[in-house]
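Q: As input, take my_file_26.cif (mmCIF, C-alpha atoms):
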data_my_file
loop_
_atom_site.label_atom_id
_atom_site.label_comp_id
_atom_site.auth_asym_id
_atom_site.auth_seq_id
_atom_site.Cartn_x
_atom_site.Cartn_y
_atom_site.Cartn_z
CA MET A 1 -32.71 35.24 -79.89
CA SER A 2 -32.82 31.51 -80.49
CA SER A 3 -34.10 28.85 -78.14
CA LYS A 4 -31.99 26.08 -76.65
CA TYR A 5 -35.00 24.40 -75.11
CA GLY A 6 -35.50 20.90 -76.49
CA ALA A 7 -38.85 20.17 -74.82
CA VAL A 8 -41.83 20.93 -77.05
CA PRO A 9 -44.69 22.10 -74.80
CA SER A 10 -48.25 21.05 -75.55
CA ALA A 11 -50.87 23.59 -76.59
CA SER A 12 -54.66 23.78 -76.35
CA ALA A 13 -57.25 25.74 -78.28
CA VAL A 14 -58.59 29.07 -76.97
CA VAL A 15 -61.94 30.26 -78.30
CA THR A 16 -61.40 33.99 -78.93
CA GLY A 17 -62.71 34.44 -82.48
CA ASP A 18 -59.20 34.23 -83.88
CA ILE A 19 -56.89 31.21 -84.30
CA MET A 20 -55.27 31.34 -80.90
CA VAL A 21 -53.75 28.61 -78.76
CA GLU A 22 -52.68 28.48 -75.16
CA VAL A 23 -49.07 27.37 -74.58
CA GLU A 24 -47.36 26.34 -71.36
CA ALA A 25 -43.91 27.90 -70.96
CA PRO A 26 -41.14 25.23 -70.63
CA ALA A 27 -39.03 27.49 -68.38
CA THR A 28 -38.80 30.99 -66.94
CA LEU A 29 -37.94 33.16 -69.95
CA SER A 30 -37.40 36.84 -70.58
CA ALA A 31 -39.24 38.99 -73.11
CA GLY A 32 -38.46 38.34 -76.74
CA TYR A 33 -37.15 34.80 -76.21
CA LYS A 34 -38.35 32.23 -78.74
CA PHE A 35 -39.18 28.59 -78.17
CA ASP A 36 -41.05 25.89 -80.04
CA ALA A 37 -44.52 24.65 -79.12
CA MET A 38 -46.77 22.00 -80.61
CA TYR A 39 -50.46 22.17 -81.43
CA ASP A 40 -52.53 19.67 -83.42
CA GLY A 41 -49.36 17.79 -84.35
CA GLN A 42 -47.68 20.91 -85.77
CA THR A 43 -44.64 22.67 -84.31
CA PHE A 44 -44.56 26.47 -84.38
CA SER A 45 -42.46 29.27 -82.91
CA VAL A 46 -43.61 31.23 -79.86
CA THR A 47 -42.17 34.61 -78.87
CA VAL A 48 -42.27 35.45 -75.16
CA PRO A 49 -44.40 38.58 -74.53
CA PRO A 50 -42.91 41.82 -73.10
CA GLU A 51 -43.76 40.91 -69.51
CA GLY A 52 -41.87 37.60 -69.75
CA VAL A 53 -43.10 34.22 -68.51
CA THR A 54 -42.43 31.85 -65.65
CA LYS A 55 -42.10 28.08 -65.93
CA GLY A 56 -45.54 26.48 -66.25
CA GLN A 57 -47.32 29.75 -67.04
CA ARG A 58 -49.87 29.47 -69.85
CA ILE A 59 -50.04 32.24 -72.42
CA ALA A 60 -52.32 32.76 -75.44
CA VAL A 61 -50.45 33.09 -78.74
CA PRO A 62 -51.48 33.12 -82.42
CA PHE A 63 -51.21 29.89 -84.39
CA ARG A 64 -51.09 29.57 -88.18
CA PRO A 65 -51.63 26.03 -89.52
CA LEU A 66 -48.78 24.75 -91.66
CA ILE A 67 -48.60 22.05 -94.28
CA LEU A 68 -46.91 19.06 -92.69
CA THR A 69 -44.34 16.96 -94.44
CA ALA A 70 -44.06 13.22 -94.04
CA GLU A 71 -40.51 13.49 -92.71
CA ALA A 72 -40.21 12.54 -89.06
CA THR A 73 -38.36 14.65 -86.54
CA PRO A 74 -37.08 13.52 -83.15
CA ILE A 75 -39.36 14.10 -80.17
CA ASN A 76 -38.13 17.03 -78.08
CA SER A 77 -35.62 18.09 -80.73
CA GLY A 78 -36.76 21.68 -80.17
CA ASN A 79 -34.72 24.42 -81.81
CA ASN A 80 -31.46 22.50 -82.04
CA MET A 81 -30.31 24.15 -85.26
CA SER A 82 -27.31 25.57 -83.44
CA LEU A 83 -26.21 21.99 -82.78
CA LEU A 84 -26.36 20.84 -86.38
CA GLY A 85 -23.08 19.29 -87.45
CA GLN A 86 -21.83 18.41 -83.98
CA TRP A 87 -22.58 16.25 -80.97
CA LYS A 88 -23.80 17.96 -77.81
CA ASP A 89 -21.04 16.18 -75.90
CA GLY A 90 -18.54 13.37 -76.32
CA LEU A 91 -18.95 9.63 -76.20
CA CYS A 92 -17.55 9.62 -72.66
CA GLY A 93 -19.78 12.44 -71.37
CA CYS A 94 -22.04 9.98 -69.57
CA CYS A 95 -21.74 11.76 -66.21
CA LYS A 96 -22.65 15.18 -67.59
CA PHE A 97 -25.89 15.18 -65.58
CA GLY A 98 -24.52 13.26 -62.62
CA CYS A 99 -23.62 9.66 -61.92
CA CYS A 100 -27.15 8.80 -60.78
CA HIS A 101 -29.02 10.38 -63.68
CA ALA A 102 -31.83 8.19 -65.04
CA HIS A 103 -30.42 7.95 -68.56
CA LEU A 104 -27.02 6.83 -67.25
CA CYS A 105 -28.53 4.24 -64.90
CA CYS A 106 -30.60 2.86 -67.75
CA ALA A 107 -27.61 2.81 -70.11
CA TRP A 108 -25.53 0.96 -67.52
CA CYS A 109 -28.15 -1.55 -66.31
CA CYS A 110 -30.22 -2.09 -69.46
CA PRO A 111 -28.87 -0.29 -72.56
CA VAL A 112 -31.33 -2.02 -74.90
CA ALA A 113 -34.25 -0.46 -73.01
CA LEU A 114 -32.72 3.02 -73.39
CA MET A 115 -32.14 2.22 -77.07
CA GLY A 116 -35.87 1.54 -77.38
CA GLN A 117 -36.66 4.92 -75.83
CA VAL A 118 -34.36 6.77 -78.22
CA LEU A 119 -35.88 4.82 -81.14
CA THR A 120 -39.28 6.13 -80.04
CA ARG A 121 -38.00 9.72 -79.94
CA MET A 122 -36.63 9.26 -83.46
CA LYS A 123 -39.94 7.74 -84.61
CA MET A 124 -38.33 4.45 -85.56
CA SER A 125 -39.50 0.87 -85.16
CA TRP A 126 -37.97 -1.70 -82.82
CA LEU A 127 -35.99 -2.96 -85.83
CA GLY A 128 -34.40 0.43 -86.41
CA ASN A 129 -36.46 1.47 -89.43
CA ALA A 130 -38.49 4.63 -90.02
CA ALA A 131 -42.05 4.05 -88.83
CA VAL A 132 -45.48 5.63 -88.85
CA GLU A 133 -47.02 6.82 -85.58
CA THR A 134 -49.10 3.69 -85.01
CA GLU A 135 -45.89 1.68 -85.17
CA TYR A 136 -43.28 3.75 -83.36
CA ARG A 137 -45.60 4.37 -80.40
CA SER A 138 -45.14 0.69 -79.51
CA THR A 139 -41.38 0.59 -80.14
CA PHE A 140 -40.34 0.78 -76.49
CA ARG A 141 -42.84 -1.90 -75.49
CA LYS A 142 -41.64 -4.26 -78.23
CA THR A 143 -38.05 -3.66 -77.19
CA LEU A 144 -38.96 -4.66 -73.64
CA TYR A 145 -40.54 -7.82 -75.01
CA VAL A 146 -37.25 -8.68 -76.72
CA ILE A 147 -35.37 -8.19 -73.45
CA ILE A 148 -37.84 -10.26 -71.46
CA VAL A 149 -37.87 -13.12 -73.97
CA TYR A 150 -34.06 -13.14 -74.08
CA PHE A 151 -33.68 -13.33 -70.29
CA VAL A 152 -36.42 -15.95 -69.86
CA LEU A 153 -35.00 -18.19 -72.57
CA GLY A 154 -31.52 -17.52 -71.21
CA LEU A 155 -32.58 -18.90 -67.83
CA ILE A 156 -34.25 -21.93 -69.41
CA PHE A 157 -31.36 -22.90 -71.67
CA ALA A 158 -28.48 -21.68 -69.50
CA THR A 159 -25.54 -24.08 -69.30
CA PRO A 160 -24.13 -25.02 -65.87
CA SER A 161 -21.57 -22.64 -64.43
CA PRO A 162 -18.03 -24.05 -64.01
CA GLU A 163 -17.37 -25.69 -60.64
CA LEU A 164 -13.62 -25.88 -60.06
CA THR A 165 -12.29 -28.37 -57.56
CA LYS A 166 -8.65 -28.93 -56.70
CA ILE A 167 -7.64 -32.53 -57.42
CA ASN A 168 -4.04 -33.68 -57.13
CA GLY A 169 -2.83 -30.09 -57.10
CA ALA A 170 -4.78 -29.08 -60.23
CA TYR A 171 -8.16 -27.38 -60.59
CA VAL A 172 -10.69 -29.50 -62.45
CA ASP A 173 -14.15 -28.51 -63.66
CA VAL A 174 -16.60 -30.94 -62.03
CA SER A 175 -19.81 -29.23 -63.13
CA PRO A 176 -22.41 -31.39 -64.96
CA THR A 177 -21.91 -31.53 -68.70
CA ALA A 178 -24.76 -29.85 -70.60
CA PRO A 179 -26.28 -31.61 -73.60
CA THR A 180 -24.91 -30.51 -76.96
CA TRP A 181 -28.30 -29.21 -78.09
CA GLN A 182 -28.57 -27.01 -74.97
CA ILE A 183 -25.13 -25.50 -75.62
CA ILE A 184 -26.08 -24.78 -79.24
CA VAL A 185 -29.41 -23.17 -78.30
CA ASN A 186 -27.73 -21.05 -75.61
CA ASN A 187 -25.05 -19.85 -78.04
CA VAL A 188 -27.59 -19.08 -80.77
CA LEU A 189 -29.73 -17.16 -78.28
CA ASN A 190 -26.79 -15.02 -77.09
CA LEU A 191 -25.60 -14.44 -80.65
CA SER A 192 -29.07 -13.43 -81.85
CA PHE A 193 -29.58 -10.92 -79.05
CA GLY A 194 -26.09 -9.50 -79.56
CA LEU A 195 -26.61 -9.10 -83.31
CA TYR A 196 -30.01 -7.50 -82.79
CA THR A 197 -28.54 -4.93 -80.42
CA LEU A 198 -25.54 -4.24 -82.67
CA ILE A 199 -27.55 -3.85 -85.88
CA VAL A 200 -30.35 -1.70 -84.45
CA LEU A 201 -27.98 0.53 -82.43
CA THR A 202 -25.83 1.02 -85.54
CA LYS A 203 -28.90 2.06 -87.56
CA LEU A 204 -30.08 4.32 -84.75
CA ARG A 205 -26.75 6.13 -84.48
CA ALA A 206 -26.65 6.61 -88.24
CA ALA A 207 -30.19 8.07 -88.16
CA VAL A 208 -29.28 10.50 -85.37
CA ARG A 209 -26.16 11.61 -87.25
CA GLU A 210 -28.23 12.20 -90.36
CA ARG A 211 -30.87 14.14 -88.42
CA TYR A 212 -28.27 16.48 -86.89
CA SER A 213 -25.98 16.54 -89.95
CA ILE A 214 -23.06 15.04 -88.01
CA GLN A 215 -20.22 13.67 -90.10
CA GLU A 216 -18.15 10.62 -89.20
CA GLU A 217 -14.87 11.55 -87.52
CA CYS A 218 -13.05 8.24 -87.86
CA CYS A 219 -13.48 4.74 -89.26
CA ALA A 220 -15.19 6.16 -92.36
CA GLY A 221 -18.16 4.06 -93.33
CA CYS A 222 -18.20 1.98 -90.15
CA GLU A 223 -17.98 4.47 -87.26
CA ASP A 224 -21.55 3.76 -86.17
CA CYS A 225 -20.93 0.01 -86.10
CA CYS A 226 -17.62 0.42 -84.25
CA CYS A 227 -19.19 2.60 -81.55
CA ALA A 228 -22.12 0.20 -81.14
CA PHE A 229 -19.78 -2.81 -80.96
CA TRP A 230 -17.01 -1.53 -78.71
CA CYS A 231 -19.00 0.68 -76.34
CA GLY A 232 -22.74 0.18 -76.71
CA CYS A 233 -23.55 1.63 -73.27
CA CYS A 234 -21.69 4.90 -73.91
CA THR A 235 -23.09 5.11 -77.44
CA VAL A 236 -26.75 4.76 -76.46
CA ALA A 237 -26.24 7.21 -73.57
CA GLN A 238 -24.79 9.78 -75.98
CA LEU A 239 -27.73 9.30 -78.35
CA ALA A 240 -30.12 9.83 -75.44
CA ARG A 241 -28.47 13.15 -74.54
CA GLN A 242 -28.40 14.22 -78.19
CA THR A 243 -32.13 13.70 -78.73
CA ALA A 244 -33.37 15.32 -75.51
CA ASP A 245 -32.78 18.40 -73.38
CA TYR A 246 -32.40 17.08 -69.84
CA ASP A 247 -32.00 20.63 -68.51
CA VAL A 248 -35.66 21.20 -69.33
CA GLN A 249 -37.36 17.81 -69.34
CA ARG A 250 -36.53 15.26 -66.64
CA ALA A 251 -35.34 11.80 -67.61
CA LYS A 252 -37.47 8.82 -66.62
CA CYS A 253 -36.49 5.16 -66.73
CA CYS A 254 -39.90 3.67 -67.48
CA THR A 255 -41.60 5.92 -70.05
CA ASP A 256 -41.78 5.27 -73.79
CA THR A 257 -39.36 8.09 -74.56
CA GLY A 258 -37.30 8.06 -71.37
CA LEU A 259 -38.63 11.54 -70.61
CA GLU A 260 -41.10 12.93 -68.10
CA PRO A 261 -44.53 13.18 -69.77
CA LEU A 262 -45.66 16.68 -70.69
CA PRO A 263 -48.62 18.19 -68.81
CA PRO A 264 -52.03 17.08 -70.15
CA VAL A 265 -53.64 19.23 -72.81
CA LEU A 266 -56.57 21.27 -71.50
CA THR A 267 -59.16 22.87 -73.76
CA VAL A 268 -60.37 26.27 -72.54
#
Starting from the coordinates I provided, produce the structure as structure tokens.

A:
Amino acid sequence: MSSKYGAVPSASAVVTGDIMVEVEAPATLSAGYKFDAMYDGQTFSVTVPPEGVTKGQRIAVPFRPLILTAEATPINSGNNMSLLGQWKDGLCGCCKFGCCHAHLCCAWCCPVALMGQVLTRMKMSWLGNAAVETEYRSTFRKTLYVIIVYFVLGLIFATPSPELTKINGAYVDVSPTAPTWQIIVNNVLNLSFGLYTLIVLTKLRAAVRERYSIQEECCAGCEDCCCAFWCGCCTVAQLARQTADYDVQRAKCCTDTGLEPLPPVLTV
């Protein structure tokens, strides 16, 4: 039997004379079920013992160290081999987990923040490039900096809103005229933030498609850009659902990965 659980539980060493580790079950599972666990930075397969396990139960299992490759894999990708070649759901499946789900609220209110969380899961930098651990661990924080800087500068250099007044039967804009330099700075600021979001989200979607071997269905060669441009909120929400298993690990708005942190590792 294969596992559908995307969350990769943490593991801790057990001193028994053999190479054994203690793993926390991600859910209540029956005997023979397999799921992935992580120990010392390495992912390995765990088979549920004959008596089965309950969610949160810790069991001792054998661990054989493997040679790691430099290729990054998405956090909480789990055993998603059955999903290779296809999306988990459609671009408009935003309400799959409910209209008040954390990932949907984040995608609606601040899609760039959710983009930063998915970048972290994919081990990418805030610029949408592959990154080492010391770099991608700060991706979400750097993305928040970009958002904060954009909104602060936007308030400083914002142009006056139109004030329409009816004069002689016609509506006339009587708002103060902003200096030319202020209009230019405001436009450059908005354009820069828009291009940043478009470029990084396009690169992120392409990386997720490559990771899950998903082919373009339309607009060959520019599907990622089209999705990011025409519906960025729906696109980043779909990427969030693709790179996590919300049935197992709860979504959180303010964590680096947009997921509930795993239990702390305890050495026994």

Q: Please expand the PyMOL selection byres ((chain A and resi 88) around 6) into the concrete residues it hits in this file, giving the result as a PyMOL selection string.

A: chain A and resi 87+89+242

Q: When you count all atoms listed in the file, which of these residues is closest to Leu84 (chain A): A:Trp230, A:Phe140, A:Tyr212, A:Phe35?

A: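 Distance minimum relative to Leu84 (chain A) lands on A:Tyr212.
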
Q: Looking at A:Val46, A:Leu195, A:Leu91, A:Ala27, which one is nearest to Phe229 (chain A), with distances taken over only C-alpha atoms?

A: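 Going through A:Val46, A:Leu195, A:Leu91, A:Ala27 one by one, the smallest distance to Phe229 (chain A) is for A:Leu195.
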
Q: One number please: CA of Cys233 (chain A) to CA of Trp108 (chain A), in Å, one decimal.

A: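 Computed distance, CA of Cys233 (chain A) to CA of Trp108 (chain A), equals 6.1 Å.
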
Q: Just so the selection is clear, what residues does the PyMOL selection byres ((chain A and resi 136) around 10) cover here, as a ChimeraX atom specification?

A: /A:116,119-126,128-135,137-142,256

Q: Given the selection you just returned, output its residues as a file containing C-alpha atoms, formatted as a compact mmCIF listing (two decimals), in the coordinates of the input.

A:
# COMPACT_ATOMS: atom_id res chain seq x y z
CA GLY A 116 -35.87 1.54 -77.38
CA LEU A 119 -35.88 4.82 -81.14
CA THR A 120 -39.28 6.13 -80.04
CA ARG A 121 -38.00 9.72 -79.94
CA MET A 122 -36.63 9.26 -83.46
CA LYS A 123 -39.94 7.74 -84.61
CA MET A 124 -38.33 4.45 -85.56
CA SER A 125 -39.50 0.87 -85.16
CA TRP A 126 -37.97 -1.70 -82.82
CA GLY A 128 -34.40 0.43 -86.41
CA ASN A 129 -36.46 1.47 -89.43
CA ALA A 130 -38.49 4.63 -90.02
CA ALA A 131 -42.05 4.05 -88.83
CA VAL A 132 -45.48 5.63 -88.85
CA GLU A 133 -47.02 6.82 -85.58
CA THR A 134 -49.10 3.69 -85.01
CA GLU A 135 -45.89 1.68 -85.17
CA ARG A 137 -45.60 4.37 -80.40
CA SER A 138 -45.14 0.69 -79.51
CA THR A 139 -41.38 0.59 -80.14
CA PHE A 140 -40.34 0.78 -76.49
CA ARG A 141 -42.84 -1.90 -75.49
CA LYS A 142 -41.64 -4.26 -78.23
CA ASP A 256 -41.78 5.27 -73.79

Q: Spell out the residues picked by the PyMOL selection byres ((chain A and resi 210) around 12) here, as a list of chain:residue names.

A: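 This file gives the following for the PyMOL selection byres ((chain A and resi 210) around 12): A:Thr73, A:Pro74, A:Leu84, A:Gly85, A:Gln86, A:Trp87, A:Met122, A:Lys203, A:Leu204, A:Arg205, A:Ala206, A:Ala207, A:Val208, A:Arg209, A:Arg211, A:Tyr212, A:Ser213, A:Ile214, A:Gln215, A:Glu216, A:Asp224.
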
Q: Between A:Cys234, A:Leu144, A:Ile156, A:Ala228, single out the one closest to Gln117 (chain A), counting only C-alpha atoms.

A: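 Closest candidate: A:Leu144.
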
Q: How far is it from CA of Thr257 (chain A) to CA of Met20 (chain A), in Å with one decimal?

A: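 Separation between CA of Thr257 (chain A) and CA of Met20 (chain A): 28.9 Å.
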
Q: Within 8 Å of Gly154 (chain A), counting all atoms listed in the file, which residues qualify if same-chain residues fewer than 2 places away don't, as a ChimeraX atom specification?

A: /A:150-152,156-158,186,189-190

Q: Since fewer atoms than expected are present, regenerate all heavy atoms for region 46-57 of chain A and write them as a PDB file, in the coordinates of the input.

A:
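Output (rebuild04.pdb):
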ATOM      1  N   VAL A  46     -42.927  30.336 -80.795  1.00  0.00           N
ATOM      2  CA  VAL A  46     -43.610  31.230 -79.860  1.00  0.00           C
ATOM      3  C   VAL A  46     -42.618  32.270 -79.351  1.00  0.00           C
ATOM      4  O   VAL A  46     -41.499  31.918 -78.949  1.00  0.00           O
ATOM      5  CB  VAL A  46     -44.192  30.451 -78.660  1.00  0.00           C
ATOM      6  CG1 VAL A  46     -44.807  31.405 -77.648  1.00  0.00           C
ATOM      7  CG2 VAL A  46     -45.211  29.427 -79.134  1.00  0.00           C
ATOM      8  N   THR A  47     -43.005  33.525 -79.388  1.00  0.00           N
ATOM      9  CA  THR A  47     -42.170  34.610 -78.870  1.00  0.00           C
ATOM     10  C   THR A  47     -42.710  35.044 -77.508  1.00  0.00           C
ATOM     11  O   THR A  47     -43.904  35.334 -77.366  1.00  0.00           O
ATOM     12  CB  THR A  47     -42.160  35.810 -79.828  1.00  0.00           C
ATOM     13  OG1 THR A  47     -41.666  35.392 -81.098  1.00  0.00           O
ATOM     14  CG2 THR A  47     -41.264  36.926 -79.276  1.00  0.00           C
ATOM     15  N   VAL A  48     -41.860  35.078 -76.517  1.00  0.00           N
ATOM     16  CA  VAL A  48     -42.270  35.450 -75.160  1.00  0.00           C
ATOM     17  C   VAL A  48     -42.726  36.911 -75.147  1.00  0.00           C
ATOM     18  O   VAL A  48     -42.037  37.785 -75.680  1.00  0.00           O
ATOM     19  CB  VAL A  48     -41.101  35.249 -74.178  1.00  0.00           C
ATOM     20  CG1 VAL A  48     -41.488  35.703 -72.774  1.00  0.00           C
ATOM     21  CG2 VAL A  48     -40.677  33.776 -74.157  1.00  0.00           C
ATOM     22  N   PRO A  49     -43.868  37.205 -74.564  1.00  0.00           N
ATOM     23  CA  PRO A  49     -44.400  38.580 -74.530  1.00  0.00           C
ATOM     24  C   PRO A  49     -43.522  39.500 -73.680  1.00  0.00           C
ATOM     25  O   PRO A  49     -42.658  39.042 -72.927  1.00  0.00           O
ATOM     26  CB  PRO A  49     -45.793  38.400 -73.911  1.00  0.00           C
ATOM     27  CG  PRO A  49     -45.716  37.115 -73.144  1.00  0.00           C
ATOM     28  CD  PRO A  49     -44.781  36.238 -73.917  1.00  0.00           C
ATOM     29  N   PRO A  50     -43.757  40.832 -73.791  1.00  0.00           N
ATOM     30  CA  PRO A  50     -42.910  41.820 -73.100  1.00  0.00           C
ATOM     31  C   PRO A  50     -42.794  41.610 -71.595  1.00  0.00           C
ATOM     32  O   PRO A  50     -41.756  41.905 -71.003  1.00  0.00           O
ATOM     33  CB  PRO A  50     -43.594  43.154 -73.414  1.00  0.00           C
ATOM     34  CG  PRO A  50     -44.310  42.914 -74.702  1.00  0.00           C
ATOM     35  CD  PRO A  50     -44.764  41.492 -74.653  1.00  0.00           C
ATOM     36  N   GLU A  51     -43.824  41.076 -70.962  1.00  0.00           N
ATOM     37  CA  GLU A  51     -43.760  40.910 -69.510  1.00  0.00           C
ATOM     38  C   GLU A  51     -43.003  39.643 -69.095  1.00  0.00           C
ATOM     39  O   GLU A  51     -42.788  39.419 -67.910  1.00  0.00           O
ATOM     40  CB  GLU A  51     -45.183  40.875 -68.923  1.00  0.00           C
ATOM     41  CG  GLU A  51     -46.044  39.722 -69.406  1.00  0.00           C
ATOM     42  CD  GLU A  51     -46.792  40.038 -70.698  1.00  0.00           C
ATOM     43  OE1 GLU A  51     -46.415  41.030 -71.372  1.00  0.00           O
ATOM     44  OE2 GLU A  51     -47.750  39.311 -71.004  1.00  0.00           O
ATOM     45  N   GLY A  52     -42.589  38.825 -70.076  1.00  0.00           N
ATOM     46  CA  GLY A  52     -41.870  37.600 -69.750  1.00  0.00           C
ATOM     47  C   GLY A  52     -42.809  36.518 -69.240  1.00  0.00           C
ATOM     48  O   GLY A  52     -44.009  36.753 -69.044  1.00  0.00           O
ATOM     49  N   VAL A  53     -42.280  35.327 -69.020  1.00  0.00           N
ATOM     50  CA  VAL A  53     -43.100  34.220 -68.510  1.00  0.00           C
ATOM     51  C   VAL A  53     -42.304  33.447 -67.462  1.00  0.00           C
ATOM     52  O   VAL A  53     -41.081  33.490 -67.428  1.00  0.00           O
ATOM     53  CB  VAL A  53     -43.515  33.255 -69.647  1.00  0.00           C
ATOM     54  CG1 VAL A  53     -44.432  33.934 -70.635  1.00  0.00           C
ATOM     55  CG2 VAL A  53     -42.289  32.685 -70.352  1.00  0.00           C
ATOM     56  N   THR A  54     -43.044  32.746 -66.623  1.00  0.00           N
ATOM     57  CA  THR A  54     -42.430  31.850 -65.650  1.00  0.00           C
ATOM     58  C   THR A  54     -42.717  30.408 -66.061  1.00  0.00           C
ATOM     59  O   THR A  54     -43.671  30.148 -66.807  1.00  0.00           O
ATOM     60  CB  THR A  54     -42.974  32.100 -64.237  1.00  0.00           C
ATOM     61  OG1 THR A  54     -44.404  31.927 -64.258  1.00  0.00           O
ATOM     62  CG2 THR A  54     -42.631  33.503 -63.773  1.00  0.00           C
ATOM     63  N   LYS A  55     -41.933  29.488 -65.570  1.00  0.00           N
ATOM     64  CA  LYS A  55     -42.100  28.080 -65.930  1.00  0.00           C
ATOM     65  C   LYS A  55     -43.506  27.599 -65.528  1.00  0.00           C
ATOM     66  O   LYS A  55     -43.954  27.803 -64.406  1.00  0.00           O
ATOM     67  CB  LYS A  55     -41.049  27.225 -65.233  1.00  0.00           C
ATOM     68  CG  LYS A  55     -41.114  25.754 -65.621  1.00  0.00           C
ATOM     69  CD  LYS A  55     -39.994  24.959 -64.990  1.00  0.00           C
ATOM     70  CE  LYS A  55     -40.050  23.499 -65.408  1.00  0.00           C
ATOM     71  NZ  LYS A  55     -38.956  22.690 -64.813  1.00  0.00           N
ATOM     72  N   GLY A  56     -44.201  26.984 -66.497  1.00  0.00           N
ATOM     73  CA  GLY A  56     -45.540  26.480 -66.250  1.00  0.00           C
ATOM     74  C   GLY A  56     -46.644  27.469 -66.531  1.00  0.00           C
ATOM     75  O   GLY A  56     -47.815  27.096 -66.564  1.00  0.00           O
ATOM     76  N   GLN A  57     -46.298  28.730 -66.745  1.00  0.00           N
ATOM     77  CA  GLN A  57     -47.320  29.750 -67.040  1.00  0.00           C
ATOM     78  C   GLN A  57     -47.905  29.504 -68.424  1.00  0.00           C
ATOM     79  O   GLN A  57     -47.204  29.171 -69.376  1.00  0.00           O
ATOM     80  CB  GLN A  57     -46.691  31.144 -66.979  1.00  0.00           C
ATOM     81  CG  GLN A  57     -47.673  32.271 -67.292  1.00  0.00           C
ATOM     82  CD  GLN A  57     -47.007  33.643 -67.251  1.00  0.00           C
ATOM     83  OE1 GLN A  57     -45.883  33.780 -66.744  1.00  0.00           O
ATOM     84  NE2 GLN A  57     -47.679  34.643 -67.783  1.00  0.00           N
TER      85      GLN A  57
END
